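Have a look at start.cif; it's mmCIF, C-alpha atoms and all ligand atoms:
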```
data_target
#
loop_
_atom_site.label_atom_id
_atom_site.label_comp_id
_atom_site.auth_asym_id
_atom_site.auth_seq_id
_atom_site.Cartn_x
_atom_site.Cartn_y
_atom_site.Cartn_z
CA MET A 1 -1.72 9.36 -30.85
CA HIS A 2 -3.83 9.69 -34.00
CA GLU A 3 -7.50 8.99 -33.30
CA PRO A 4 -9.78 7.79 -36.11
CA SER A 5 -12.47 10.22 -37.23
CA GLY A 6 -15.81 9.80 -35.52
CA GLN A 7 -14.12 9.66 -32.15
CA VAL A 8 -15.62 11.65 -29.30
CA LEU A 9 -12.79 12.69 -27.04
CA ASN A 10 -13.20 13.49 -23.38
CA GLU A 11 -13.06 17.23 -23.87
CA ASP A 12 -15.77 17.06 -26.54
CA ALA A 13 -18.52 15.44 -24.46
CA PRO A 14 -21.23 17.63 -22.88
CA TRP A 15 -20.09 17.31 -19.26
CA ASN A 16 -21.57 20.64 -18.26
CA SER A 17 -25.00 19.31 -19.22
CA PHE A 18 -24.66 16.14 -17.13
CA ASP A 19 -27.75 15.79 -14.93
CA PRO A 20 -26.74 13.97 -11.73
CA ARG A 21 -30.31 13.74 -10.43
CA THR A 22 -31.48 11.84 -13.53
CA TYR A 23 -28.28 9.79 -13.53
CA VAL A 24 -28.81 8.68 -9.93
CA GLU A 25 -32.54 8.05 -10.37
CA THR A 26 -31.88 5.90 -13.43
CA ASN A 27 -28.90 3.96 -12.15
CA TYR A 28 -29.02 3.88 -8.36
CA ARG A 29 -32.61 4.29 -7.13
CA CYS A 30 -32.79 0.50 -6.80
CA LEU A 31 -29.81 -1.63 -5.89
CA THR A 32 -29.13 -3.96 -8.82
CA GLY A 33 -27.61 -7.43 -8.65
CA GLU A 34 -24.52 -6.12 -10.42
CA ASP A 35 -23.92 -3.34 -7.91
CA ALA A 36 -24.53 -5.71 -4.99
CA ARG A 37 -21.89 -8.08 -6.35
CA ILE A 38 -19.44 -5.23 -7.01
CA LEU A 39 -19.90 -3.97 -3.45
CA GLU A 40 -19.09 -7.43 -2.07
CA ILE A 41 -15.96 -7.71 -4.20
CA VAL A 42 -14.67 -4.27 -3.29
CA ARG A 43 -15.55 -4.64 0.40
CA ASP A 44 -13.73 -7.97 0.62
CA HIS A 45 -10.70 -6.57 -1.20
CA PHE A 46 -10.27 -3.59 1.13
CA VAL A 47 -10.99 -5.63 4.29
CA GLY A 48 -8.55 -8.33 3.12
CA HIS A 49 -5.87 -5.79 2.22
CA PHE A 50 -5.85 -4.12 5.64
CA GLU A 51 -6.20 -7.42 7.55
CA HIS A 52 -3.28 -8.89 5.66
CA ALA A 53 -1.17 -5.80 6.28
CA GLY A 54 -2.11 -5.91 9.98
CA ASP A 55 -3.07 -2.31 9.47
CA ASP A 56 -6.11 -0.85 11.20
CA ARG A 57 -5.52 2.74 10.17
CA SER A 58 -8.45 5.07 9.79
CA SER A 59 -6.43 8.12 8.86
CA LEU A 60 -5.74 7.74 5.15
CA ARG A 61 -6.56 10.29 2.51
CA GLY A 62 -8.72 8.60 -0.10
CA ILE A 63 -9.98 9.60 -3.52
CA ASP A 64 -12.93 8.64 -5.67
CA VAL A 65 -12.29 9.73 -9.25
CA GLY A 66 -15.24 10.77 -11.44
CA THR A 67 -17.79 10.42 -8.65
CA GLY A 68 -20.74 11.75 -10.66
CA GLY A 69 -23.71 11.04 -8.41
CA ASN A 70 -22.55 7.67 -7.11
CA LEU A 71 -21.64 7.67 -3.43
CA TYR A 72 -21.09 3.95 -2.94
CA PRO A 73 -17.42 3.92 -4.01
CA ALA A 74 -16.74 6.62 -1.39
CA LEU A 75 -18.66 4.59 1.20
CA SER A 76 -16.38 1.63 0.46
CA LEU A 77 -13.40 3.81 1.52
CA LEU A 78 -14.96 5.05 4.74
CA PRO A 79 -13.42 2.85 7.47
CA TRP A 80 -9.85 3.77 6.47
CA CYS A 81 -10.13 7.47 5.66
CA HIS A 82 -10.38 10.69 7.59
CA GLU A 83 -10.63 12.55 4.29
CA ILE A 84 -12.10 11.46 0.95
CA THR A 85 -11.72 13.62 -2.15
CA LEU A 86 -14.59 13.34 -4.62
CA CYS A 87 -13.20 14.58 -7.92
CA ASP A 88 -15.33 15.19 -11.01
CA ARG A 89 -14.94 17.24 -14.16
CA ALA A 90 -18.62 18.16 -14.58
CA ALA A 91 -19.79 21.32 -12.81
CA PRO A 92 -23.37 20.03 -12.25
CA ASN A 93 -22.01 16.92 -10.51
CA VAL A 94 -19.73 19.01 -8.30
CA GLU A 95 -22.62 21.29 -7.31
CA TRP A 96 -24.87 18.29 -6.64
CA LEU A 97 -22.22 16.68 -4.44
CA LYS A 98 -21.73 19.93 -2.52
CA ARG A 99 -25.49 20.18 -1.93
CA GLN A 100 -25.76 16.73 -0.31
CA GLU A 101 -27.25 16.71 3.18
CA TRP A 102 -25.09 14.80 5.57
CA ASP A 103 -27.02 15.74 8.67
CA ALA A 104 -26.85 13.04 11.34
CA LEU A 105 -30.47 13.84 12.24
CA SER A 106 -31.48 12.41 8.89
CA GLU A 107 -29.70 9.20 9.83
CA GLY A 108 -32.00 6.18 9.63
CA GLY A 109 -34.30 7.95 7.17
CA ALA A 110 -34.64 6.93 3.58
CA TRP A 111 -31.11 7.73 2.46
CA LEU A 112 -30.77 6.19 -0.97
CA TRP A 113 -27.31 4.86 -0.13
CA ASN A 114 -28.45 2.86 2.93
CA GLN A 115 -29.22 -0.17 0.76
CA PHE A 116 -25.64 -0.05 -0.58
CA TRP A 117 -24.18 0.47 2.89
CA GLU A 118 -26.06 -2.60 4.18
CA ILE A 119 -23.91 -4.82 1.96
CA LEU A 120 -20.70 -3.17 3.13
CA ALA A 121 -21.84 -3.38 6.76
CA LEU A 122 -22.06 -7.16 6.62
CA ARG A 123 -18.36 -7.09 7.56
CA PRO A 124 -16.34 -5.26 10.16
CA PRO A 125 -14.91 -2.62 10.16
CA TYR A 126 -17.80 -1.18 8.14
CA ARG A 127 -20.24 -2.66 10.63
CA SER A 128 -18.79 -0.66 13.48
CA ILE A 129 -19.57 2.70 11.83
CA PRO A 130 -22.96 3.61 13.29
CA GLN A 131 -23.73 6.69 11.17
CA PRO A 132 -22.14 6.30 7.75
CA ARG A 133 -24.00 9.23 6.27
CA SER A 134 -22.71 11.80 8.72
CA ARG A 135 -19.27 10.19 8.84
CA LEU A 136 -19.06 10.46 5.05
CA GLY A 137 -20.16 14.10 5.28
CA THR A 138 -17.31 14.81 7.69
CA ALA A 139 -14.78 13.13 5.41
CA VAL A 140 -15.68 14.37 1.93
CA ARG A 141 -13.96 17.18 0.05
CA VAL A 142 -15.61 17.85 -3.27
CA GLU A 143 -13.29 19.10 -6.00
CA GLN A 144 -13.92 19.99 -9.58
CA GLY A 145 -11.00 18.62 -11.54
CA ASN A 146 -9.78 16.71 -14.53
CA LEU A 147 -8.47 13.24 -13.77
CA PHE A 148 -5.69 13.76 -16.32
CA ASP A 149 -4.29 16.47 -14.01
CA LEU A 150 -4.28 14.53 -10.73
CA PRO A 151 -1.04 14.89 -8.72
CA SER A 152 1.16 11.81 -8.40
CA GLY A 153 1.27 9.72 -5.24
CA ALA A 154 -1.15 11.93 -3.35
CA TRP A 155 -3.69 9.44 -1.99
CA GLY A 156 -3.40 6.32 0.18
CA ILE A 157 -6.45 4.47 -1.20
CA GLY A 158 -8.67 5.06 -4.22
CA THR A 159 -11.66 4.10 -6.32
CA MET A 160 -12.71 4.89 -9.87
CA PHE A 161 -16.03 3.48 -11.06
CA PHE A 162 -17.35 3.55 -14.62
CA VAL A 163 -15.18 6.50 -15.65
CA ALA A 164 -12.15 5.56 -17.80
CA GLU A 165 -14.27 3.72 -20.40
CA SER A 166 -17.29 6.05 -20.06
CA MET A 167 -15.70 9.41 -20.82
CA SER A 168 -14.50 9.11 -24.44
CA THR A 169 -14.59 6.72 -27.40
CA SER A 170 -10.77 6.66 -27.43
CA HIS A 171 -8.84 3.63 -26.21
CA GLU A 172 -5.80 5.86 -25.86
CA GLU A 173 -7.71 8.13 -23.45
CA PHE A 174 -9.02 5.04 -21.63
CA ALA A 175 -5.46 3.83 -21.02
CA ARG A 176 -4.29 7.29 -20.01
CA ALA A 177 -7.20 7.64 -17.55
CA VAL A 178 -6.36 4.32 -15.87
CA ARG A 179 -2.69 5.32 -15.60
CA SER A 180 -3.56 8.73 -14.25
CA PHE A 181 -5.74 7.16 -11.55
CA LEU A 182 -2.99 4.72 -10.54
CA HIS A 183 -0.33 7.43 -10.55
CA SER A 184 -2.42 9.49 -8.15
CA LEU A 185 -1.96 6.75 -5.53
CA GLU A 186 0.98 6.19 -3.19
CA PRO A 187 3.07 3.02 -3.69
CA GLY A 188 1.28 0.18 -1.90
CA ALA A 189 -2.10 1.93 -1.91
CA PRO A 190 -5.05 -0.42 -2.40
CA PHE A 191 -7.50 0.47 -5.14
CA ALA A 192 -10.74 -0.70 -6.73
CA ALA A 193 -11.91 0.23 -10.19
CA ALA A 194 -14.99 -0.82 -12.13
CA PHE A 195 -15.59 -0.70 -15.86
CA VAL A 196 -18.56 -1.30 -18.13
CA GLU A 197 -17.63 -4.08 -20.55
CA GLY A 198 -18.46 -3.57 -24.23
CA SER A 199 -20.26 -0.28 -23.67
CA ALA A 200 -21.72 1.48 -26.69
CA GLY A 201 -22.17 4.79 -24.84
CA TYR A 202 -25.00 5.98 -22.61
CA HIS A 203 -27.73 8.56 -22.20
CA VAL A 204 -28.40 10.79 -19.23
CA GLY A 205 -31.76 12.47 -19.91
CA PRO A 206 -31.55 14.00 -23.39
CA GLU A 207 -27.74 13.97 -23.53
CA THR A 208 -25.56 11.24 -25.04
CA TYR A 209 -22.17 10.38 -23.55
CA PRO A 210 -19.33 8.49 -25.22
CA ALA A 211 -17.80 5.19 -24.17
CA CYS A 212 -15.12 2.96 -25.55
CA ARG A 213 -15.65 -0.78 -25.79
CA VAL A 214 -13.27 -2.46 -23.39
CA SER A 215 -12.81 -6.04 -22.24
CA ASP A 216 -10.86 -7.46 -19.32
CA THR A 217 -7.88 -7.78 -21.68
CA HIS A 218 -7.74 -3.98 -22.09
CA VAL A 219 -8.07 -3.49 -18.34
CA ARG A 220 -5.32 -6.01 -17.54
CA ALA A 221 -2.94 -4.43 -20.06
CA CYS A 222 -3.41 -0.98 -18.52
CA LEU A 223 -3.07 -2.13 -14.91
CA ARG A 224 -0.15 -4.52 -15.28
CA PRO A 225 2.73 -1.98 -15.30
CA TYR A 226 1.47 -0.04 -12.27
CA ALA A 227 -0.30 -2.54 -10.01
CA ASP A 228 0.76 -5.47 -7.87
CA SER A 229 -1.26 -8.64 -7.48
CA PHE A 230 -4.44 -7.28 -8.96
CA GLU A 231 -7.49 -9.40 -9.54
CA ILE A 232 -10.15 -8.97 -12.19
CA THR A 233 -13.70 -10.23 -11.69
CA LEU A 234 -16.33 -10.27 -14.40
CA VAL A 235 -19.87 -9.58 -13.24
CA ASP A 236 -22.65 -10.73 -15.54
CA PRO A 237 -25.54 -8.43 -16.33
CA SER A 238 -28.71 -9.05 -14.35
CA ASP A 239 -31.30 -11.19 -16.04
CA PRO A 240 -33.16 -9.41 -17.61
CA PRO A 241 -30.43 -6.77 -18.13
CA PHE A 242 -30.96 -3.59 -16.18
CA ARG A 243 -29.51 -1.45 -18.98
CA ASP A 244 -28.96 -2.00 -22.70
CA GLY A 245 -25.74 -1.70 -24.64
CA TYR A 246 -23.15 -3.50 -22.56
CA THR A 247 -22.07 -7.06 -21.90
CA GLY A 248 -21.16 -6.99 -18.21
CA MET A 249 -19.05 -5.28 -15.56
CA ILE A 250 -15.32 -5.63 -14.97
CA VAL A 251 -14.08 -5.13 -11.42
CA ALA A 252 -10.34 -4.68 -10.81
CA CYS A 253 -8.94 -4.72 -7.30
CA GLY A 254 -5.26 -4.47 -6.44
CA ARG A 255 -2.45 -2.41 -4.99
CA ARG A 256 -0.43 0.36 -6.62
CA ASN A 257 3.17 -0.72 -7.18
CA SER A 258 6.16 1.58 -6.83
CA ARG A 259 6.82 2.27 -10.51
CA PRO A 260 7.02 6.06 -10.75
CA ALA A 261 5.09 8.02 -13.32
CA GLY A 262 7.38 9.05 -16.17
CA PRO A 263 6.67 11.67 -18.80
CA GLU A 264 6.17 8.85 -21.33
CA ASP A 265 3.42 7.41 -19.15
CA LEU A 266 0.96 10.28 -19.14
C1 LIG B 301 -20.54 7.20 -16.28
S1 LIG B 301 -20.22 8.46 -15.13
C2 LIG B 301 -19.71 7.51 -13.69
C3 LIG B 301 -20.11 8.19 -12.40
C4 LIG B 301 -19.90 7.37 -11.13
N1 LIG B 301 -18.49 7.16 -10.84
C5 LIG B 301 -20.62 6.04 -11.11
O1 LIG B 301 -20.05 5.08 -10.59
O2 LIG B 301 -21.77 5.96 -11.52
C6 LIG B 301 -18.68 9.16 -15.67
C7 LIG B 301 -18.23 10.29 -14.77
O3 LIG B 301 -16.91 10.69 -15.15
C8 LIG B 301 -16.81 12.10 -15.02
N2 LIG B 301 -15.71 12.56 -15.88
C9 LIG B 301 -15.65 12.53 -17.22
N3 LIG B 301 -14.47 12.99 -17.65
C10 LIG B 301 -13.74 13.29 -16.55
C11 LIG B 301 -12.42 13.80 -16.35
N4 LIG B 301 -11.63 14.07 -17.37
N5 LIG B 301 -12.00 13.98 -15.08
C12 LIG B 301 -12.81 13.69 -14.03
N6 LIG B 301 -14.07 13.21 -14.16
C13 LIG B 301 -14.53 13.01 -15.41
C14 LIG B 301 -18.18 12.56 -15.47
O4 LIG B 301 -18.47 13.88 -15.08
C15 LIG B 301 -19.09 11.54 -14.82
O5 LIG B 301 -19.44 11.90 -13.53
#
```

Please rewrite the model in this file as structure tokens.
Amino acid sequence: MHEPSGQVLNEDAPWNSFDPRTYVETNYRCLTGEDARILEIVRDHFVGHFEHAGDDRSSLRGIDVGTGGNLYPALSLLPWCHEITLCDRAAPNVEWLKRQEWDALSEGGAWLWNQFWEILALRPPYRSIPQPRSRLGTAVRVEQGNLFDLPSGAWGIGTMFFVAESMSTSHEEFARAVRSFLHSLEPGAPFAAAFVEGSAGYHVGPETYPACRVSDTHVRACLRPYADSFEITLVDPSDPPFRDGYTGMIVACGRRNSRPAGPEDL
């Protein structure tokens, strides 16, 4: 598809200069109202999905696409997975993820992600995981990869947070990223995805990263062909807003349908 000039495509952004330490300090040092609400929505979706299916499996392979430095999407997958792939394009993020300390002896210390886990742990089966940090360490496989190259139907549950709209200014690439994520899931797999609404792009330290302005209408249009019974929730920015340059968060929770990926789709 022809892209207007001035576009910054995914391959043009400075991913190899992404600084995950600064990104995490800026965005996740303190739990925001938005993230707390997103955690509740995603937790309730996954718990509801498995309760409804009468399925108490803990042996799925899960994926979090474009993890960056954010470990809370992976934590939301924990009760159902024996293996969780964290896939990111940026080498510094991959190295940072591989350097994480998962040591159970650190359990109970000031792990940044405890405050996020506390919201998940308000409900079983999260609550019955006593050491989420070490359990996550046992489950994760960190892989450097491009989401456009994910294999089809490879994972039984998945998350993708703030990636499809925050990797390019192109709406065509946004739609392709959402499809690629959904195609990576098995038919029937539950998923959760979050998007920044109306984003004008973002800074990580001195670097600027592209975004495309999406609304829930864009998200619905991309999900509809490949997802069953999905629900979209809009989360307002905190007051005062935690960050500039966006109008809210869009959370999409659903289940992959059985429509296969065709060559025209990717
Ligand atoms: C705004 S950050 C979101 C990080 C994290 N998921 C979060 O919730 O904060 C966008 C992430 O997408 C990753 N990314 C960008 N293009 C990608 C691609 N083509 N394939 C996989 N990851 C990509 C970046 O490296 C970065 O970690």

| message | Taking all atoms listed in the file into account, list the residues no farther than 8 Å from ligand LIG 301 (chain B), as JSON, numbers by chain. | response | {"A": [10, 11, 15, 18, 20, 23, 24, 27, 64, 65, 66, 67, 68, 69, 70, 71, 72, 73, 87, 88, 89, 90, 91, 93, 144, 145, 146, 147, 148, 160, 161, 162, 163, 164, 166, 167, 168, 177, 194, 202]}

What would the file look like if the residues just selected were written as a PDB file, in the coordinates of the input with C-alpha atoms?
```
ATOM      1  CA  ASN A  10     -13.200  13.490 -23.380  1.00  0.00           C
ATOM      2  CA  GLU A  11     -13.060  17.230 -23.870  1.00  0.00           C
ATOM      3  CA  TRP A  15     -20.090  17.310 -19.260  1.00  0.00           C
ATOM      4  CA  PHE A  18     -24.660  16.140 -17.130  1.00  0.00           C
ATOM      5  CA  PRO A  20     -26.740  13.970 -11.730  1.00  0.00           C
ATOM      6  CA  TYR A  23     -28.280   9.790 -13.530  1.00  0.00           C
ATOM      7  CA  VAL A  24     -28.810   8.680  -9.930  1.00  0.00           C
ATOM      8  CA  ASN A  27     -28.900   3.960 -12.150  1.00  0.00           C
ATOM      9  CA  ASP A  64     -12.930   8.640  -5.670  1.00  0.00           C
ATOM     10  CA  VAL A  65     -12.290   9.730  -9.250  1.00  0.00           C
ATOM     11  CA  GLY A  66     -15.240  10.770 -11.440  1.00  0.00           C
ATOM     12  CA  THR A  67     -17.790  10.420  -8.650  1.00  0.00           C
ATOM     13  CA  GLY A  68     -20.740  11.750 -10.660  1.00  0.00           C
ATOM     14  CA  GLY A  69     -23.710  11.040  -8.410  1.00  0.00           C
ATOM     15  CA  ASN A  70     -22.550   7.670  -7.110  1.00  0.00           C
ATOM     16  CA  LEU A  71     -21.640   7.670  -3.430  1.00  0.00           C
ATOM     17  CA  TYR A  72     -21.090   3.950  -2.940  1.00  0.00           C
ATOM     18  CA  PRO A  73     -17.420   3.920  -4.010  1.00  0.00           C
ATOM     19  CA  CYS A  87     -13.200  14.580  -7.920  1.00  0.00           C
ATOM     20  CA  ASP A  88     -15.330  15.190 -11.010  1.00  0.00           C
ATOM     21  CA  ARG A  89     -14.940  17.240 -14.160  1.00  0.00           C
ATOM     22  CA  ALA A  90     -18.620  18.160 -14.580  1.00  0.00           C
ATOM     23  CA  ALA A  91     -19.790  21.320 -12.810  1.00  0.00           C
ATOM     24  CA  ASN A  93     -22.010  16.920 -10.510  1.00  0.00           C
ATOM     25  CA  GLN A 144     -13.920  19.990  -9.580  1.00  0.00           C
ATOM     26  CA  GLY A 145     -11.000  18.620 -11.540  1.00  0.00           C
ATOM     27  CA  ASN A 146      -9.780  16.710 -14.530  1.00  0.00           C
ATOM     28  CA  LEU A 147      -8.470  13.240 -13.770  1.00  0.00           C
ATOM     29  CA  PHE A 148      -5.690  13.760 -16.320  1.00  0.00           C
ATOM     30  CA  MET A 160     -12.710   4.890  -9.870  1.00  0.00           C
ATOM     31  CA  PHE A 161     -16.030   3.480 -11.060  1.00  0.00           C
ATOM     32  CA  PHE A 162     -17.350   3.550 -14.620  1.00  0.00           C
ATOM     33  CA  VAL A 163     -15.180   6.500 -15.650  1.00  0.00           C
ATOM     34  CA  ALA A 164     -12.150   5.560 -17.800  1.00  0.00           C
ATOM     35  CA  SER A 166     -17.290   6.050 -20.060  1.00  0.00           C
ATOM     36  CA  MET A 167     -15.700   9.410 -20.820  1.00  0.00           C
ATOM     37  CA  SER A 168     -14.500   9.110 -24.440  1.00  0.00           C
ATOM     38  CA  ALA A 177      -7.200   7.640 -17.550  1.00  0.00           C
ATOM     39  CA  ALA A 194     -14.990  -0.820 -12.130  1.00  0.00           C
ATOM     40  CA  TYR A 202     -25.000   5.980 -22.610  1.00  0.00           C
TER      41      TYR A 202
END
```

| remark: atom CA of Arg43 of chain A sits from atom CA of Arg141 of chain A at a separation of 21.9 Å

| message | I'd like the neighbourhood of Ala121 of chain A as a list in words, where a residue qualifies if any of its atoms comes within 12 Å (using all atoms listed in the file), though same-chain residues fewer than 6 positions away should be ignored. | response |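 That gives Leu39, Glu40, Arg43, Asp44, Val47, Leu75, Ser76, Leu78, Pro79, Asn114, Gln115, Arg127, Ser128, Ile129, Pro130, Gln131 and Pro132 of chain A.
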
Closest pair table for segment 211-249 of chain A residues within 9 Å of segment 182-191 of chain A, all atoms listed in the file, as CSV:
```
residue,atom,partner,partner_atom,distance
A:Leu223,CA,A:Leu182,CA,8.1
A:Tyr226,CA,A:Leu182,CA,6.7
A:Ala227,CA,A:Leu182,CA,7.8
A:Asp228,CA,A:Gly188,CA,8.2
```

| said: I need the residue nearest Pro225 of chain A from this list: A:Val196, A:Ala252, A:Val178, A:Ala211. Use all atoms listed in the file for the distance. | reply: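 The answer is A:Val178, which sits nearest to Pro225 of chain A.
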
| query | For the atom pair atom CA of Pro260 of chain A and atom CA of Ala74 of chain A, what is the interatomic distance in Å to one decimal place? | reply |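 Interatomic distance, atom CA of Pro260 of chain A to atom CA of Ala74 of chain A: 25.5 Å.
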
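With only C-alpha atoms as the atoms that count, the residue of A:Val94, A:Ile250, A:Cys212, A:Ala110 with the shortest distance to Glu165 of chain A is A:Cys212.
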
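Counting only C-alpha atoms, the residue from A:Ala139, A:Trp111, A:Ile63, A:Val204 that sits nearest to Pro151 of chain A is A:Ile63.
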
| query | So what do you get for atom CA of Val219 of chain A versus atom CA of Val235 of chain A, distance-wise? | reply |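 For atom CA of Val219 of chain A relative to atom CA of Val235 of chain A, the distance reads 14.2 Å.
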
| For Thr159 of chain A, the nearest of the candidates A:Gly254, A:Gly201, A:Pro14, A:Pro210, counting all atoms listed in the file |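 Closest to Thr159 of chain A of all the choices is A:Gly254.
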
| All residues 9 Å or closer to Leu60 of chain A, all atoms listed in the file, same chain fewer than 6 positions away omitted, as a PyMOL selection string | chain A and resi 80-84+155-157

Just the selected residues (C-alpha atoms), exported as a PDB file, in the frame of the given file, please.
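After the write, out_37.pdb holds the following:
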```
ATOM      1  CA  TRP A  80      -9.850   3.770   6.470  1.00  0.00           C
ATOM      2  CA  CYS A  81     -10.130   7.470   5.660  1.00  0.00           C
ATOM      3  CA  HIS A  82     -10.380  10.690   7.590  1.00  0.00           C
ATOM      4  CA  GLU A  83     -10.630  12.550   4.290  1.00  0.00           C
ATOM      5  CA  ILE A  84     -12.100  11.460   0.950  1.00  0.00           C
ATOM      6  CA  TRP A 155      -3.690   9.440  -1.990  1.00  0.00           C
ATOM      7  CA  GLY A 156      -3.400   6.320   0.180  1.00  0.00           C
ATOM      8  CA  ILE A 157      -6.450   4.470  -1.200  1.00  0.00           C
TER       9      ILE A 157
END
```

Taking all atoms of segment 150-164 of chain A that the file lists, what box with edges along x, y and z, padded by 4 Å per side, do you get, with centre and edge lengths in Å to one decimal, as AutoDock Vina command-line options?
```
--center_x -8.0 --center_y 9.2 --center_z -8.8 --size_x 26.6 --size_y 19.4 --size_z 26.0
```

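With all atoms listed in the file as the atoms that count, the residue of A:Arg29, A:Arg123, A:Arg256, A:His203 with the shortest distance to Phe181 of chain A is A:Arg256.
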